[in-house]
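A quick write-up on the structure given underneath.
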Amino acid sequence: MTSTKSNRMPGSADHHKPPDWKDGKLSRRQIIVGAMAGSSLWLAGRAHAQGMGGMMMGSMPGMGQGGMGANAARGATVPSGVFTRPMPIPGQLGGQPQADGSLAYELRIAPGTSTLLAGVQTPTWGYNGAYLGPTLRIPRGKRVRIQVRNALNQPTTTHWHGAHVPGTMDGGPQSLIAPGHSMDYAYTLDQPGATLWYHPHPDGLTGPHVYAGMAGLLLVDDGVDRALGLPHTWGVDDFPVIVQDRRFGADGTLRYMNSMMDRMGMKGDRFLVNGCEQPYANVPAQWVRLRLVNGSNARLYNFAFASGQSFYVVASDAGLLAHPVERRSLLLAAAERAEILVDLRTLQGSTLVLRSDSGSVVPGLSSMPMDADRFDRQGFDLLQLRVGAPAGKSGRLPDHMVAIPSLRIDAPQRLFSLQGMQGMQGAMRGGAMGAMGGMSGDQGMGANTGPGGMSMGVGMEKLFSINHQFMEMAVINQRVRLGSTEVWQVRNEGHMAHTFHVHGTSFQILSRDGVAPPEYERGWKDVVLVRRNQTVRLIARFDQPAGKDHPFMYHCHILEHEDNGMMGQFTVA
């Protein structure tokens, strides 16, 4: 195994730095961020005070979310109801049996070209292909070895999101893989069957690396879903639905953080499912399972069917629920997953449209109107289901699924507070407004070392914090005892909702502001949406070790927040 490591510490060797780190670059970025971020917040406050709550950032040069203007590929308006391309189904890797009884998998990170929008060629990055990656199916309790090779022109990592693995195998920011090198992961997943995923996690660059296309599913297979009769035939009645938003230039290249408001979370104006804009899927007239994955950097989706058809939530991030929960909509924040069952038995010959009904939910999650773009205020179509004849053995909806164990606390409670933009408004009043002129577009953004010259945006700035601490690679923020069960109380003190993710374990939500969570949130999770002014209590057992050289992370999974300070490190020993 060959690999590189990086600690963001004074005096660290230059060859450990991503290629866009230049001497003096960060100090220049800090000046720009102080001006522009402060300006956006001040303007938001002014707009709110003057009764301009409905004003859209897109009306202000360089500040609009959604990539409106001359830079949008084939127009800025998302087509509605145009489902002309089949939904891609990521292939599965089951691993190659080895002499020692383990299963071996291989992933290669490399650049390529993808047709994300119909008729448009876009430079992208992916695993074993141009965009996204194969689905790794890993049996519970089976020893696996995964080799990840990096054929990019810059270091990256691969993090196994939701996997219960030691810190050395977690793929966090300490586990950089240098260009032309590989890293070998070896672990055994002893956790319930679940839809997990993998994606890059380099310090300060997670946002652009994921945005470039690097992500894939990891299915923990324990056989329980088949024993229960849940649909489980991949691509027939069991479908991955990885939803992402992207912004494109006129030449088809990805546009990343080319607007000042993107620091609040990168949002695009085109919507992809498994790397394809508004596809259709041919589905049988029977129970169908959709594995919903919010793979976006920042956007929330309020999943619903345009017809109002109900569905049943059967699993959350990290495993099956105790019983199905009927819903007509389901809000998923960045990195959250859910498995739903849809009853299509009487709908042969019909079509259903899966969409995000965002307008009724998303704008209220922030106290600043400008945080919500026009898609957040309305809604948009994502995927069309074309219901055909039944196919093969039909799955069913069970009455009961699995027992969710009750955990017993044996350690003191930990407190975590989430803060938004820090110390910017004073700088704003000191003349930063004047600095806004001419700062639209890509000016002041990170080096264009992404696919096709995509900007890498702005990372590693001290903008968002946890417990008033910003991410530092050399700092261990928390120390947890191996084998302990703890309650973590997470309080959101910011003006907008944040997502909170914990590495190396799964947790249960005990309460939101003292009230038990809704039934669809009462299973195992690894990401939780924490609304503004809300306190969420989580309980988790920490059975995987992590030392100071490869600690676990806790962080906001709005990737631009994570990249700009909203992350901490903890050991388990």
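Every chain in the structure tokens takes a letter, A first, then B, and so on in the order presented; its residues are numbered from 1, and the ligands are numbered from 1 following the presented order.
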
Legend entry - Every residue of segment 252-416 of chain A that DSSP places in strand (DSSP E or B), as a ChimeraX atom specification: /A:254,270-273,276-277,279-284,287-294,301-305,311-316,319-327,330-332,337-343,351-356,366,380-388,414-416

Legend entry - Long-range neighbours of Asn150 of chain A as a list in words, 7 Å cut-off, only C-alpha atoms, 4 positions minimum in chain: Arg108, Ile109, Ala110, Ile177, Ala178, Pro179, Gly180, His181 and Ser182 of chain A

Legend entry - All residues 9 Å or closer to Arg345 of chain A, only C-alpha atoms, same chain fewer than 3 positions away omitted, as a PyMOL selection string: chain A and resi 284-287+348+390

Restricted to C-alpha atoms, what would the selected residues look like written as a JSON list (two decimals), in the first residue's frame?
```json
[["chain", "number", "residue", "atom", "x", "y", "z"],
["A", 284, "PRO", "CA", -43.02, -3.05, -12.83],
["A", 285, "ALA", "CA", -46.59, -2.87, -11.58],
["A", 286, "GLN", "CA", -45.71, -4.18, -8.13],
["A", 287, "TRP", "CA", -44.02, -2.97, -4.96],
["A", 348, "GLN", "CA", -49.77, -0.50, -14.98],
["A", 390, "PRO", "CA", -45.09, -7.05, -13.39]]
```

Legend entry - Shell around segment 310-316 of chain A at 10 Å using only C-alpha atoms, local window under 2 positions removed, as a ChimeraX atom specification: /A:193-195,230,288-292,304-305,307-308,318-330,336-343,397-398,400-401,519-527

Inset, instruction - Would you mind reading off the distance between atom CA of Gly207 of chain A and atom CA of Pro279 of chain A, one decimal, in Å? - result: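 That distance, rounded to one decimal, is 24.9 Å.
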
Legend entry - Contacts of Gln469 of chain A within 9 Å, only C-alpha atoms, excl. fewer than 5 positions in-chain, as a PyMOL selection string: chain A and resi 464+477+565-568

Proximity of segment 107-187 of chain A to segment 212-217 of chain A: per-residue shortest pair, 12 Å limit, only C-alpha atoms, as CSV:
```
residue,atom,partner,partner_atom,distance
A:Leu107,CA,A:Gly216,CA,10.5
A:Arg108,CA,A:Met214,CA,10.7
A:Ile109,CA,A:Met214,CA,7.9
A:Ala110,CA,A:Met214,CA,9.3
A:Pro111,CA,A:Ala212,CA,9.2
A:Gly112,CA,A:Gly213,CA,9.9
A:Thr113,CA,A:Gly213,CA,10.6
A:Ser114,CA,A:Gly213,CA,9.7
A:Leu116,CA,A:Gly213,CA,10.4
A:Thr122,CA,A:Ala212,CA,10.0
A:Pro123,CA,A:Ala212,CA,8.4
A:Thr124,CA,A:Ala212,CA,5.4
A:Trp125,CA,A:Gly213,CA,5.1
A:Gly126,CA,A:Met214,CA,4.7
A:Tyr127,CA,A:Met214,CA,6.4
A:Asn128,CA,A:Met214,CA,10.0
A:Gly129,CA,A:Met214,CA,9.7
A:Ala130,CA,A:Gly213,CA,7.9
A:Tyr131,CA,A:Gly213,CA,5.0
A:Leu132,CA,A:Ala215,CA,4.8
A:Gly133,CA,A:Gly216,CA,4.6
A:Pro134,CA,A:Gly216,CA,6.0
A:Thr135,CA,A:Leu217,CA,4.7
A:Leu136,CA,A:Leu217,CA,6.3
A:Arg137,CA,A:Leu217,CA,8.4
A:Ile138,CA,A:Leu217,CA,10.7
A:Asn150,CA,A:Met214,CA,11.6
A:Leu152,CA,A:Met214,CA,11.4
A:Thr156,CA,A:Met214,CA,10.3
A:Thr157,CA,A:Met214,CA,10.3
A:Thr158,CA,A:Ala215,CA,8.9
A:His159,CA,A:Ala215,CA,9.6
A:Trp160,CA,A:Leu217,CA,9.4
A:His161,CA,A:Leu217,CA,9.4
A:Gly162,CA,A:Leu217,CA,10.8
A:Ala163,CA,A:Leu217,CA,11.5
```

Inset, instruction - Point out the residue among A:Phe416, A:Tyr301, A:Trp488, A:Tyr554 with the least atom-to-atom distance to Ile509 of chain A, counting only C-alpha atoms. - result: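 Going through A:Phe416, A:Tyr301, A:Trp488, A:Tyr554 one by one, the smallest distance to Ile509 of chain A is for A:Trp488.
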
Inset, instruction - Counting only C-alpha atoms, figure out which residue out of A:His498, A:Arg140, A:Lys267, A:Arg247 gets nearest to Leu189 of chain A. - result: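 Smallest separation from Leu189 of chain A among the options: A:Arg140.
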
Legend entry - Length of the atom CA of Ser259 of chain A to atom CA of Val458 of chain A vector [Å]: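 Computed distance, atom CA of Ser259 of chain A to atom CA of Val458 of chain A, equals 10.9 Å.
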